[in-house]
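Source file coords36.pdb; content: PDB, C-alpha atoms and all ligand atoms.
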ATOM      1  CA  MET A  41     141.273 101.703  86.236
ATOM      2  CA  SER A  42     139.195 101.051  83.138
ATOM      3  CA  THR A  43     135.781 102.651  82.684
ATOM      4  CA  LEU A  44     134.048  99.340  83.208
ATOM      5  CA  GLU A  45     136.035  98.708  86.387
ATOM      6  CA  PHE A  46     135.047 102.163  87.624
ATOM      7  CA  ILE A  47     131.320 101.481  87.053
ATOM      8  CA  LYS A  48     131.688  98.126  88.827
ATOM      9  CA  GLU A  49     133.572  99.722  91.706
ATOM     10  CA  CYS A  50     130.736 102.243  92.175
ATOM     11  CA  GLN A  51     128.209  99.411  92.053
ATOM     12  CA  GLU A  52     130.208  97.493  94.664
ATOM     13  CA  LYS A  53     130.163 100.561  96.958
ATOM     14  CA  VAL A  54     126.363 100.611  96.705
ATOM     15  CA  PHE A  55     126.011  96.865  97.283
ATOM     16  CA  SER A  56     128.188  97.110 100.371
ATOM     17  CA  GLY A  57     125.969  99.840 101.845
ATOM     18  CA  ASN A  58     128.202 102.818 101.114
ATOM     19  CA  HIS A  59     127.404 105.946  99.161
ATOM     20  CA  ILE A  60     129.076 106.941  95.936
ATOM     21  CA  THR A  61     130.572 110.434  96.039
ATOM     22  CA  SER A  62     129.435 113.429  94.010
ATOM     23  CA  ASP A  63     132.626 113.026  91.938
ATOM     24  CA  ASP A  64     131.659 109.411  91.236
ATOM     25  CA  ALA A  65     128.163 110.549  90.196
ATOM     26  CA  GLU A  66     129.651 113.163  87.869
ATOM     27  CA  LYS A  67     131.945 110.600  86.233
ATOM     28  CA  LEU A  68     129.105 108.114  85.845
ATOM     29  CA  LEU A  69     126.844 110.723  84.269
ATOM     30  CA  ASN A  70     129.605 111.584  81.789
ATOM     31  CA  ILE A  71     130.507 108.005  80.950
ATOM     32  CA  PRO A  72     131.488 107.569  77.262
ATOM     33  CA  ASP A  73     128.579 106.516  75.054
ATOM     34  CA  GLU A  74     130.010 103.039  74.463
ATOM     35  CA  TYR A  75     129.667 102.283  78.199
ATOM     36  CA  LEU A  76     126.113 103.521  78.582
ATOM     37  CA  LYS A  77     124.688 100.004  78.337
ATOM     38  CA  ASP A  78     127.070  98.846  81.105
ATOM     39  CA  LEU A  79     126.002 101.776  83.290
ATOM     40  CA  ALA A  80     122.322 100.981  82.702
ATOM     41  CA  LYS A  81     122.874  97.266  83.367
ATOM     42  CA  CYS A  82     124.635  97.947  86.671
ATOM     43  CA  ALA A  83     121.886 100.395  87.693
ATOM     44  CA  ASN A  84     119.315  97.724  86.873
ATOM     45  CA  GLU A  85     121.155  95.176  89.036
ATOM     46  CA  ILE A  86     121.085  97.659  91.929
ATOM     47  CA  THR A  87     117.338  98.163  91.412
ATOM     48  CA  ARG A  88     116.645  94.443  91.434
ATOM     49  CA  ASP A  89     118.857  93.827  94.459
ATOM     50  CA  PHE A  90     117.262  96.547  96.598
ATOM     51  CA  ASN A  91     113.719  96.575  95.214
ATOM     52  CA  GLY A  92     113.012  93.226  93.576
ATOM     53  CA  GLU A  93     110.967  92.801  90.414
ATOM     54  CA  LYS A  94     107.966  94.884  91.426
ATOM     55  CA  VAL A  95     107.132  98.078  89.546
ATOM     56  CA  ASP A  96     105.339 100.756  91.569
ATOM     57  CA  VAL A  97     102.286 101.760  89.539
ATOM     58  CA  GLU A  98     100.530 104.991  90.443
ATOM     59  CA  GLN A  99      97.548 106.899  89.141
ATOM     60  CA  LEU A 100      97.066 110.641  89.442
ATOM     61  CA  ASN A 101      93.957 112.728  89.826
ATOM     62  CA  ASN A 102      94.319 116.374  88.933
ATOM     63  CA  ILE A 103      91.618 117.492  91.351
ATOM     64  CA  LYS A 104      91.936 121.151  90.488
ATOM     65  CA  LYS A 105      92.935 122.187  87.022
ATOM     66  CA  ASN A 106      93.526 125.831  87.458
ATOM     67  CA  ALA A 107      94.790 129.062  86.086
ATOM     68  CA  CYS A 108      97.708 128.909  88.499
ATOM     69  CA  SER A 109      99.247 132.126  89.841
ATOM     70  CA  GLU A 110     102.806 130.915  89.170
ATOM     71  CA  ASP A 111     104.801 131.365  85.967
ATOM     72  CA  CYS A 112     106.600 128.017  85.542
ATOM     73  CA  THR A 113     107.549 128.177  81.875
ATOM     74  CA  PHE A 114     106.875 124.502  81.122
ATOM     75  CA  CYS A 115     103.401 124.422  82.640
ATOM     76  CA  GLY A 116     100.168 124.409  80.689
ATOM     77  CA  GLN A 117      98.266 125.360  83.848
ATOM     78  CA  SER A 118      99.997 128.697  84.463
ATOM     79  CA  ALA A 119      97.733 131.745  84.145
ATOM     80  CA  PHE A 120     100.668 133.561  82.506
ATOM     81  CA  PHE A 121     100.339 131.633  79.252
ATOM     82  CA  ASP A 122      97.502 131.186  76.817
ATOM     83  CA  THR A 123      97.380 127.426  76.503
ATOM     84  CA  GLY A 124      93.625 127.082  76.169
ATOM     85  CA  ILE A 125      93.345 124.360  78.797
ATOM     86  CA  GLU A 126      90.019 123.626  80.392
ATOM     87  CA  THR A 127      89.904 124.608  84.080
ATOM     88  CA  TYR A 128      87.639 123.259  86.816
ATOM     89  CA  GLN A 129      87.076 123.515  90.536
ATOM     90  CA  LEU A 130      87.462 120.816  93.165
ATOM     91  CA  PRO A 131      85.190 117.839  92.517
ATOM     92  CA  THR A 132      82.927 116.313  95.165
ATOM     93  CA  PRO A 133      84.373 113.612  97.439
ATOM     94  CA  GLU A 134      82.034 111.078  95.788
ATOM     95  CA  GLU A 135      83.546 111.754  92.347
ATOM     96  CA  VAL A 136      87.104 111.340  93.634
ATOM     97  CA  VAL A 137      86.235 108.219  95.651
ATOM     98  CA  SER A 138      84.854 106.571  92.543
ATOM     99  CA  LYS A 139      88.030 107.368  90.553
ATOM    100  CA  ALA A 140      90.243 106.138  93.399
ATOM    101  CA  GLN A 141      88.258 102.887  93.497
ATOM    102  CA  LYS A 142      88.736 102.477  89.733
ATOM    103  CA  ALA A 143      92.495 103.060  90.134
ATOM    104  CA  LYS A 144      92.638 100.411  92.869
ATOM    105  CA  ASP A 145      90.657  97.961  90.729
ATOM    106  CA  GLU A 146      93.123  98.562  87.878
ATOM    107  CA  GLY A 147      96.022  97.569  90.118
ATOM    108  CA  ALA A 148      97.346 100.970  91.268
ATOM    109  CA  GLU A 149      98.993 100.855  94.684
ATOM    110  CA  SER A 150      98.828 104.567  95.289
ATOM    111  CA  TYR A 151      96.553 107.402  94.328
ATOM    112  CA  CYS A 152      97.931 110.926  94.181
ATOM    113  CA  LEU A 153      95.695 113.973  94.552
ATOM    114  CA  VAL A 154      97.237 116.889  92.694
ATOM    115  CA  ALA A 155      96.027 120.488  92.657
ATOM    116  CA  ALA A 156      97.320 123.229  90.386
ATOM    117  CA  TRP A 157      97.728 126.139  92.708
ATOM    118  CA  ARG A 158     100.546 127.854  94.552
ATOM    119  CA  GLU A 159      99.142 126.727  97.893
ATOM    120  CA  PRO A 160      95.748 125.600  99.163
ATOM    121  CA  SER A 161      93.350 128.195 100.627
ATOM    122  CA  LYS A 162      91.882 127.314 104.032
ATOM    123  CA  LYS A 163      88.563 126.400 102.434
ATOM    124  CA  ASP A 164      90.082 124.259  99.667
ATOM    125  CA  PHE A 165      92.376 122.505 102.129
ATOM    126  CA  GLU A 166      89.352 121.507 104.221
ATOM    127  CA  LYS A 167      87.670 120.123 101.113
ATOM    128  CA  VAL A 168      90.762 118.095 100.221
ATOM    129  CA  CYS A 169      90.865 116.723 103.778
ATOM    130  CA  LYS A 170      87.268 115.534 103.402
ATOM    131  CA  ILE A 171      88.188 113.842 100.095
ATOM    132  CA  ILE A 172      91.144 112.063 101.742
ATOM    133  CA  THR A 173      88.979 110.914 104.671
ATOM    134  CA  ASP A 174      86.399 109.462 102.302
ATOM    135  CA  ILE A 175      89.030 107.642 100.201
ATOM    136  CA  ASN A 176      90.493 106.146 103.400
ATOM    137  CA  ASP A 177      87.072 105.041 104.636
ATOM    138  CA  LYS A 178      85.633 103.754 101.375
ATOM    139  CA  VAL A 179      88.527 102.640  99.138
ATOM    140  CA  GLY A 180      91.593 101.841 101.193
ATOM    141  CA  ILE A 181      94.326 102.815  98.747
ATOM    142  CA  SER A 182      97.515 104.592  99.746
ATOM    143  CA  VAL A 183      96.852 108.329  99.319
ATOM    144  CA  GLU A 184      99.551 110.735  98.271
ATOM    145  CA  CYS A 185      99.164 114.483  97.769
ATOM    146  CA  SER A 186     100.709 117.246  95.736
ATOM    147  CA  LEU A 187      99.081 120.463  96.913
ATOM    148  CA  GLY A 188     101.813 123.071  96.500
ATOM    149  CA  PHE A 189     103.318 124.992  99.402
ATOM    150  CA  LEU A 190     102.257 123.769 102.836
ATOM    151  CA  THR A 191     102.178 125.252 106.315
ATOM    152  CA  GLN A 192     103.345 123.151 109.248
ATOM    153  CA  GLU A 193      99.737 122.791 110.430
ATOM    154  CA  GLN A 194      98.594 121.564 107.024
ATOM    155  CA  ALA A 195     101.431 119.048 106.839
ATOM    156  CA  LYS A 196     100.560 117.731 110.307
ATOM    157  CA  LYS A 197      96.908 117.431 109.301
ATOM    158  CA  LEU A 198      97.839 115.395 106.201
ATOM    159  CA  LYS A 199      99.922 113.111 108.385
ATOM    160  CA  GLU A 200      96.977 112.683 110.783
ATOM    161  CA  LEU A 201      94.856 111.700 107.787
ATOM    162  CA  LYS A 202      97.385 108.951 107.025
ATOM    163  CA  VAL A 203      98.654 110.529 103.837
ATOM    164  CA  LYS A 204     101.728 108.481 103.129
ATOM    165  CA  ARG A 205     103.788 110.663 100.862
ATOM    166  CA  TYR A 206     103.905 114.317  99.844
ATOM    167  CA  ASN A 207     104.994 115.288  96.345
ATOM    168  CA  HIS A 208     106.701 118.602  95.745
ATOM    169  CA  ASN A 209     109.150 118.788  92.878
ATOM    170  CA  LEU A 210     112.301 120.859  92.696
ATOM    171  CA  GLU A 211     111.575 121.172  88.960
ATOM    172  CA  THR A 212     115.182 121.722  87.850
ATOM    173  CA  ALA A 213     118.682 122.596  89.055
ATOM    174  CA  LYS A 214     118.977 125.547  91.405
ATOM    175  CA  SER A 215     121.148 127.340  88.832
ATOM    176  CA  LYS A 216     118.452 126.898  86.160
ATOM    177  CA  PHE A 217     115.455 127.692  88.341
ATOM    178  CA  PRO A 218     115.367 131.508  87.881
ATOM    179  CA  GLU A 219     114.961 130.955  84.104
ATOM    180  CA  ILE A 220     112.074 128.581  84.726
ATOM    181  CA  CYS A 221     110.119 130.401  87.405
ATOM    182  CA  THR A 222     110.170 133.913  88.831
ATOM    183  CA  THR A 223     107.098 133.898  91.093
ATOM    184  CA  HIS A 224     108.700 131.755  93.772
ATOM    185  CA  THR A 225     112.184 130.509  94.603
ATOM    186  CA  TYR A 226     114.051 127.231  94.868
ATOM    187  CA  GLU A 227     114.300 127.853  98.601
ATOM    188  CA  ASP A 228     110.483 128.068  98.813
ATOM    189  CA  ARG A 229     110.332 124.578  97.339
ATOM    190  CA  LEU A 230     112.995 123.215  99.681
ATOM    191  CA  LYS A 231     111.146 124.773 102.619
ATOM    192  CA  THR A 232     107.930 122.887 101.868
ATOM    193  CA  LEU A 233     109.869 119.630 101.497
ATOM    194  CA  GLY A 234     111.390 120.297 104.943
ATOM    195  CA  ILE A 235     107.945 120.999 106.431
ATOM    196  CA  ALA A 236     106.555 117.769 104.968
ATOM    197  CA  ARG A 237     109.522 115.756 106.254
ATOM    198  CA  ASP A 238     109.268 117.318 109.746
ATOM    199  CA  ALA A 239     105.593 116.346 109.884
ATOM    200  CA  GLY A 240     106.574 112.721 109.263
ATOM    201  CA  LEU A 241     105.392 112.496 105.670
ATOM    202  CA  GLU A 242     107.442 110.514 103.208
ATOM    203  CA  LEU A 243     108.875 112.644 100.421
ATOM    204  CA  CYS A 244     108.347 112.362  96.706
ATOM    205  CA  THR A 245     110.355 114.897  94.772
ATOM    206  CA  GLY A 246     111.994 115.260  91.424
ATOM    207  CA  GLY A 247     111.778 117.478  88.449
ATOM    208  CA  ILE A 248     111.325 117.892  84.780
ATOM    209  CA  ILE A 249     114.156 117.372  82.348
ATOM    210  CA  GLY A 250     114.503 118.657  78.811
ATOM    211  CA  LEU A 251     113.938 122.312  79.756
ATOM    212  CA  GLY A 252     117.139 123.328  77.989
ATOM    213  CA  GLU A 253     119.282 122.584  81.028
ATOM    214  CA  THR A 254     122.835 121.292  80.575
ATOM    215  CA  ARG A 255     123.971 117.825  81.607
ATOM    216  CA  GLU A 256     125.859 119.546  84.419
ATOM    217  CA  GLN A 257     122.587 121.043  85.614
ATOM    218  CA  ARG A 258     120.960 117.613  85.498
ATOM    219  CA  LEU A 259     123.808 116.460  87.745
ATOM    220  CA  GLU A 260     123.110 119.418  90.048
ATOM    221  CA  LEU A 261     119.443 118.388  90.317
ATOM    222  CA  THR A 262     120.390 114.734  90.802
ATOM    223  CA  LEU A 263     122.761 115.550  93.660
ATOM    224  CA  GLU A 264     120.189 117.794  95.343
ATOM    225  CA  LEU A 265     117.635 114.986  95.123
ATOM    226  CA  ALA A 266     120.138 112.551  96.633
ATOM    227  CA  ARG A 267     120.798 114.990  99.476
ATOM    228  CA  LEU A 268     117.079 115.069 100.322
ATOM    229  CA  PHE A 269     117.002 111.263 100.456
ATOM    230  CA  PRO A 270     113.376 110.995  99.287
ATOM    231  CA  GLU A 271     111.432 107.757  99.417
ATOM    232  CA  GLU A 272     110.409 108.478  95.846
ATOM    233  CA  VAL A 273     111.950 110.400  92.969
ATOM    234  CA  THR A 274     109.713 111.426  90.114
ATOM    235  CA  ILE A 275     111.242 112.534  86.830
ATOM    236  CA  ASN A 276     109.154 114.113  84.091
ATOM    237  CA  ILE A 277     110.389 114.582  80.545
ATOM    238  CA  LEU A 278     109.222 117.830  78.999
ATOM    239  CA  VAL A 279     106.351 117.577  76.577
ATOM    240  CA  PRO A 280     106.357 121.083  75.097
ATOM    241  CA  VAL A 281     102.964 122.711  75.579
ATOM    242  CA  PRO A 282     101.814 125.080  72.803
ATOM    243  CA  GLY A 283     101.433 128.587  74.196
ATOM    244  CA  THR A 284     104.168 128.228  76.833
ATOM    245  CA  PRO A 285     107.653 129.758  76.447
ATOM    246  CA  LEU A 286     109.064 126.239  76.002
ATOM    247  CA  GLU A 287     106.718 125.227  73.185
ATOM    248  CA  LEU A 288     109.606 124.959  70.700
ATOM    249  CA  GLN A 289     112.086 123.292  73.035
ATOM    250  CA  THR A 290     113.969 120.456  71.315
ATOM    251  CA  ASP A 291     113.622 116.946  72.707
ATOM    252  CA  LEU A 292     116.256 115.422  74.945
ATOM    253  CA  PRO A 293     117.897 112.331  73.368
ATOM    254  CA  ASN A 294     116.796 109.079  75.024
ATOM    255  CA  ALA A 295     120.418 108.276  75.925
ATOM    256  CA  GLU A 296     120.604 111.387  78.132
ATOM    257  CA  ILE A 297     117.520 110.241  79.989
ATOM    258  CA  VAL A 298     118.974 106.752  80.512
ATOM    259  CA  ARG A 299     122.151 108.330  81.933
ATOM    260  CA  MET A 300     120.217 110.342  84.472
ATOM    261  CA  PHE A 301     117.944 107.543  85.672
ATOM    262  CA  SER A 302     120.937 105.217  86.009
ATOM    263  CA  VAL A 303     122.924 107.673  88.122
ATOM    264  CA  ILE A 304     119.943 108.461  90.359
ATOM    265  CA  ARG A 305     119.694 104.723  91.062
ATOM    266  CA  PHE A 306     123.381 104.579  92.096
ATOM    267  CA  LEU A 307     122.735 107.484  94.486
ATOM    268  CA  LEU A 308     119.383 106.302  95.851
ATOM    269  CA  PRO A 309     119.383 102.502  95.699
ATOM    270  CA  GLU A 310     116.290 101.999  97.841
ATOM    271  CA  SER A 311     114.002 104.753  96.530
ATOM    272  CA  VAL A 312     111.162 104.372  94.106
ATOM    273  CA  ILE A 313     112.379 106.072  90.931
ATOM    274  CA  LYS A 314     109.371 106.891  88.854
ATOM    275  CA  ILE A 315     109.108 107.791  85.172
ATOM    276  CA  SER A 316     106.422 110.452  85.076
ATOM    277  CA  GLY A 317     105.048 112.789  82.401
ATOM    278  CA  GLY A 318     106.498 112.391  78.915
ATOM    279  CA  ARG A 319     107.041 108.620  79.218
ATOM    280  CA  GLU A 320     104.720 107.715  76.364
ATOM    281  CA  THR A 321     105.487 110.600  74.017
ATOM    282  CA  GLN A 322     109.156 111.461  74.620
ATOM    283  CA  LEU A 323     110.615 107.955  74.925
ATOM    284  CA  ASP A 324     110.955 105.506  72.034
ATOM    285  CA  ASP A 325     109.541 102.576  74.030
ATOM    286  CA  SER A 326     107.139 103.928  76.704
ATOM    287  CA  GLY A 327     109.780 103.352  79.376
ATOM    288  CA  GLU A 328     110.855  99.725  78.817
ATOM    289  CA  GLU A 329     114.539 100.658  78.711
ATOM    290  CA  LEU A 330     114.319 102.978  81.719
ATOM    291  CA  LEU A 331     112.599 100.267  83.764
ATOM    292  CA  GLN A 332     115.772  98.269  83.094
ATOM    293  CA  SER A 333     118.085 101.227  83.770
ATOM    294  CA  GLY A 334     117.263 102.280  87.303
ATOM    295  CA  ALA A 335     113.575 103.188  87.219
ATOM    296  CA  ASN A 336     111.087 101.061  89.136
ATOM    297  CA  GLY A 337     107.888 103.061  88.963
ATOM    298  CA  ILE A 338     105.498 104.532  86.460
ATOM    299  CA  ILE A 339     102.402 106.654  86.376
ATOM    300  CA  THR A 340      99.658 105.070  84.345
ATOM    301  CA  SER A 341      96.378 106.211  82.784
ATOM    302  CA  GLY A 342      97.362 109.792  82.095
ATOM    303  CA  TYR A 343      98.863 112.871  83.717
ATOM    304  CA  LEU A 344      97.788 116.306  84.889
ATOM    305  CA  THR A 345      97.058 117.883  81.542
ATOM    306  CA  MET A 346      97.546 115.048  79.076
ATOM    307  CA  GLY A 347      96.479 111.480  78.531
ATOM    308  CA  GLY A 348      98.689 108.404  78.766
ATOM    309  CA  ASN A 349      98.626 104.668  78.259
ATOM    310  CA  GLU A 350      95.747 102.681  79.666
ATOM    311  CA  ALA A 351      96.555 100.672  82.814
ATOM    312  CA  GLN A 352      96.144  97.353  80.991
ATOM    313  CA  LYS A 353      98.622  98.330  78.257
ATOM    314  CA  ASP A 354     101.213  99.373  80.851
ATOM    315  CA  ARG A 355     100.696  96.160  82.803
ATOM    316  CA  GLN A 356     101.393  94.147  79.652
ATOM    317  CA  MET A 357     104.536  96.183  78.965
ATOM    318  CA  ILE A 358     105.838  95.534  82.495
ATOM    319  CA  GLU A 359     105.162  91.804  82.262
ATOM    320  CA  LYS A 360     106.739  91.626  78.795
ATOM    321  CA  ILE A 361     110.083  92.744  80.229
ATOM    322  CA  GLY A 362     109.871  90.188  83.029
ATOM    323  CA  LEU A 363     108.855  92.524  85.851
ATOM    324  CA  GLN A 364     105.776  92.516  88.073
ATOM    325  CA  ALA A 365     103.001  95.078  87.747
TER     326      ALA A 365
HETATM  327  S1  LIG A 401     104.075 123.860  87.839
HETATM  328 FE1  LIG A 401     102.631 124.004  89.577
HETATM  329  S2  LIG A 401     103.153 125.968  90.554
HETATM  330 FE2  LIG A 401     104.052 126.022  88.481
HETATM  331  S3  LIG A 401     102.472 127.019  87.187
HETATM  332 FE3  LIG A 401     102.157 124.796  87.048
HETATM  333  S4  LIG A 401     100.620 124.329  88.619
HETATM  334 FE4  LIG A 401     101.440 126.355  89.109
END
Give the structure from this file in structure tokens form.
Amino acid sequence: MSTLEFIKECQEKVFSGNHITSDDAEKLLNIPDEYLKDLAKCANEITRDFNGEKVDVEQLNNIKKNACSEDCTFCGQSAFFDTGIETYQLPTPEEVVSKAQKAKDEGAESYCLVAAWREPSKKDFEKVCKIITDINDKVGISVECSLGFLTQEQAKKLKELKVKRYNHNLETAKSKFPEICTTHTYEDRLKTLGIARDAGLELCTGGIIGLGETREQRLELTLELARLFPEEVTINILVPVPGTPLELQTDLPNAEIVRMFSVIRFLLPESVIKISGGRETQLDDSGEELLQSGANGIITSGYLTMGGNEAQKDRQMIEKIGLQA
């Protein structure tokens, strides 16, 4: 069977409602360079068939920029590294409501509250719950949360508050994780995802690529994500932060990123696959190619510790490539 026939055969499996195997995913990820465009095209056709033309546009609010107790080597918010970032405490509900309203007015369908801590304290969790209640009452935008490790009770409370989706990333492959973080384990992360799922929350999970992992390790992460069957996958591309151990990490070639997004789409045809941090700075085209290679979501108007494109600019980019913002 030729390489092109193999890609088409995998696509046909997906269209007929079957899953590709982990061996198929490995072969697709290692497809020769000259077939990368075919792989991306087939991934795009799967996206359009299962998800239509709509791009899921999300805005984030980093509600607590912190000196976090964890030592994730890519993170500018870790207390272990001197990155000089500004820190602040939780804002008032009024401040967050006004930002959520602005996000809705700019066309965002979801608004994700993110806090840089290992896990919420009882007092902070109560404050976040009040913020969510006020957004529900006054704005009416889909609220998502990324609050670190959760207890079962906290997950149930978020579900009661109609939080749609909980974000908790795996960060990287299990085999790479001990090099990236030593203050908690991969299993800790999987546990919180299980707690969120058991409470009835949709899952958003993913990682950050370009940490010096091998392509094989990107496959490992991809297969773990597929196993979790999340409603949303979020992939960040490392933007090296001065002061962190990864400040001199070399950039991942764009072609490697296209490979990964394409294969994730073959594995998870119905999920939102979102291009997250690094889209504007680490890609040559702010994500145009990836939105035609498996991705169908973006984060707009900036990230946790860095700015991004304005919502209007991203909307124009989406419309330019014939998709709907
Ligand atoms: S990635 Fe999250 S858990 Fe790790 S240091 Fe940064 S804020 Fe803390």
Which residue gives the smallest distance to ligand LIG 401 (chain A) among A:Asp122, A:Glu134, A:Asp111, A:Glu350, with all atoms listed in the file counted?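 Going through A:Asp122, A:Glu134, A:Asp111, A:Glu350 one by one, the smallest distance to ligand LIG 401 (chain A) is for A:Asp111.
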Fewer than 5 positions away in the same chain doesn't count, so skip those; otherwise give me all residues within 8 Å of region 213-224 of chain A, counting all atoms listed in the file, as JSON, numbers by chain. {"A": [110, 111, 112, 113, 114, 253, 257, 258, 260, 261]}
Once you count only C-alpha atoms and all ligand atoms, which residues end up within 12 Å of ligand LIG 401 (chain A), and could you hand them over as a VMD selection string? chain A and resid 102 to 121 123 127 154 to 160 186 to 189 207 to 212 217 220 to 226 228 to 229 247 to 248 276 278 281 284 344 to 345
Once the PyMOL selection byres (((chain A and resi 83-98) around 6) and not hetatm) is applied to the coordinates I shared, what remains selected? I want it as a PDB file with C-alpha atoms, in the coordinates of the input.
ATOM      1  CA  ALA A  80     122.322 100.981  82.702  1.00  0.00           C
ATOM      2  CA  LYS A  81     122.874  97.266  83.367  1.00  0.00           C
ATOM      3  CA  CYS A  82     124.635  97.947  86.671  1.00  0.00           C
ATOM      4  CA  GLN A  99      97.548 106.899  89.141  1.00  0.00           C
ATOM      5  CA  ALA A 148      97.346 100.970  91.268  1.00  0.00           C
ATOM      6  CA  SER A 150      98.828 104.567  95.289  1.00  0.00           C
ATOM      7  CA  SER A 302     120.937 105.217  86.009  1.00  0.00           C
ATOM      8  CA  ARG A 305     119.694 104.723  91.062  1.00  0.00           C
ATOM      9  CA  GLU A 310     116.290 101.999  97.841  1.00  0.00           C
ATOM     10  CA  GLN A 332     115.772  98.269  83.094  1.00  0.00           C
ATOM     11  CA  SER A 333     118.085 101.227  83.770  1.00  0.00           C
ATOM     12  CA  GLY A 334     117.263 102.280  87.303  1.00  0.00           C
ATOM     13  CA  ASN A 336     111.087 101.061  89.136  1.00  0.00           C
ATOM     14  CA  GLY A 337     107.888 103.061  88.963  1.00  0.00           C
ATOM     15  CA  ILE A 338     105.498 104.532  86.460  1.00  0.00           C
ATOM     16  CA  ILE A 339     102.402 106.654  86.376  1.00  0.00           C
ATOM     17  CA  LEU A 363     108.855  92.524  85.851  1.00  0.00           C
ATOM     18  CA  GLN A 364     105.776  92.516  88.073  1.00  0.00           C
ATOM     19  CA  ALA A 365     103.001  95.078  87.747  1.00  0.00           C
TER      20      ALA A 365
END
Could you write out as number ranges by chain the residues that the PyMOL selection byres (((chain A and resi 164-168) around 9) and not hetatm) matches in the shown file? A: 103, 130, 132-133, 153, 160-163, 169-173, 187, 194
From the set A:Leu251, A:Leu259, A:Ala195, A:Val136, which residue has the shortest atom-to-atom contact distance to Asp63 (chain A), counting all atoms listed in the file?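 Nearest candidate to Asp63 (chain A) out of A:Leu251, A:Leu259, A:Ala195, A:Val136: A:Leu259.
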Pick out the closest residue to Val54 (chain A) from this set: A:Ala143, A:Pro280, A:Leu307, A:Glu256. Count all atoms listed in the file.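 The answer is A:Leu307, which sits nearest to Val54 (chain A).
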In Å and to one decimal, CA of Gly252 (chain A) is distant from CA of Gln289 (chain A) by 7.1 Å
Using the chain letters and residue numbers of this document, give as a PDB file with C-alpha atoms, in the frame of the given file the residues selected by the PyMOL selection byres (((chain A and resi 233) around 9) and not hetatm).
ATOM      1  CA  PHE A 189     103.318 124.992  99.402  1.00  0.00           C
ATOM      2  CA  LEU A 190     102.257 123.769 102.836  1.00  0.00           C
ATOM      3  CA  TYR A 206     103.905 114.317  99.844  1.00  0.00           C
ATOM      4  CA  ASN A 207     104.994 115.288  96.345  1.00  0.00           C
ATOM      5  CA  HIS A 208     106.701 118.602  95.745  1.00  0.00           C
ATOM      6  CA  ASN A 209     109.150 118.788  92.878  1.00  0.00           C
ATOM      7  CA  ASP A 228     110.483 128.068  98.813  1.00  0.00           C
ATOM      8  CA  ARG A 229     110.332 124.578  97.339  1.00  0.00           C
ATOM      9  CA  LEU A 230     112.995 123.215  99.681  1.00  0.00           C
ATOM     10  CA  LYS A 231     111.146 124.773 102.619  1.00  0.00           C
ATOM     11  CA  THR A 232     107.930 122.887 101.868  1.00  0.00           C
ATOM     12  CA  GLY A 234     111.390 120.297 104.943  1.00  0.00           C
ATOM     13  CA  ILE A 235     107.945 120.999 106.431  1.00  0.00           C
ATOM     14  CA  ALA A 236     106.555 117.769 104.968  1.00  0.00           C
ATOM     15  CA  ARG A 237     109.522 115.756 106.254  1.00  0.00           C
ATOM     16  CA  ASP A 238     109.268 117.318 109.746  1.00  0.00           C
ATOM     17  CA  LEU A 243     108.875 112.644 100.421  1.00  0.00           C
ATOM     18  CA  CYS A 244     108.347 112.362  96.706  1.00  0.00           C
ATOM     19  CA  THR A 245     110.355 114.897  94.772  1.00  0.00           C
ATOM     20  CA  LEU A 268     117.079 115.069 100.322  1.00  0.00           C
TER      21      LEU A 268
END
Tell me, in Å to one decimal, how far CA of Lys178 (chain A) is from CA of Lys353 (chain A). 27.1 Å
Rounded to one decimal place, report the CA of Ala351 (chain A)-CA of Ala335 (chain A) distance in Å. 17.8 Å
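Using only C-alpha atoms, the smallest distance between any of A:Ile315, A:Met346, A:Ile297, A:Met357 and Thr274 (chain A) comes from A:Ile315.
Ranking A:Ser326, A:Gln51, A:Ser138, A:Gln192 by their shortest atom-to-atom distance to Ile175 (chain A), with only C-alpha atoms included, puts A:Ser138 first.
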Can you sort out the box for region 255-260 of chain A, edges along x, y and z, all listed atoms in, 5 Å on every side, with centre and edge lengths in Å to one decimal, as JSON?
{"center_x": 123.4, "center_y": 118.8, "center_z": 85.8, "size_x": 14.9, "size_y": 14.6, "size_z": 18.4}
Considering only C-alpha atoms, state which residue in the set A:Leu330, A:Ile181, A:Ala295, A:Leu308 is at the smallest distance from Asn70 (chain A).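 Closest to Asn70 (chain A) of all the choices is A:Ala295.
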Extract region 222-238 of chain A from the structure I just pasted (atoms: C-alpha atoms) and return it as a PDB file, in the first residue's frame.
ATOM      1  CA  THR A 222       9.415  17.180  40.346  1.00  0.00           C
ATOM      2  CA  THR A 223       6.900  18.650  42.809  1.00  0.00           C
ATOM      3  CA  HIS A 224       4.017  16.500  41.624  1.00  0.00           C
ATOM      4  CA  THR A 225       3.561  13.466  39.395  1.00  0.00           C
ATOM      5  CA  TYR A 226       1.864  12.546  36.143  1.00  0.00           C
ATOM      6  CA  GLU A 227      -0.482  10.358  38.167  1.00  0.00           C
ATOM      7  CA  ASP A 228      -1.523  13.405  40.240  1.00  0.00           C
ATOM      8  CA  ARG A 229      -2.586  15.081  37.010  1.00  0.00           C
ATOM      9  CA  LEU A 230      -4.460  12.022  35.760  1.00  0.00           C
ATOM     10  CA  LYS A 231      -6.198  11.762  39.134  1.00  0.00           C
ATOM     11  CA  THR A 232      -7.639  15.274  38.900  1.00  0.00           C
ATOM     12  CA  LEU A 233      -8.830  14.601  35.346  1.00  0.00           C
ATOM     13  CA  GLY A 234     -10.596  11.477  36.670  1.00  0.00           C
ATOM     14  CA  ILE A 235     -12.196  13.469  39.506  1.00  0.00           C
ATOM     15  CA  ALA A 236     -13.437  16.118  37.068  1.00  0.00           C
ATOM     16  CA  ARG A 237     -14.837  13.476  34.707  1.00  0.00           C
ATOM     17  CA  ASP A 238     -16.564  11.606  37.574  1.00  0.00           C
TER      18      ASP A 238
END
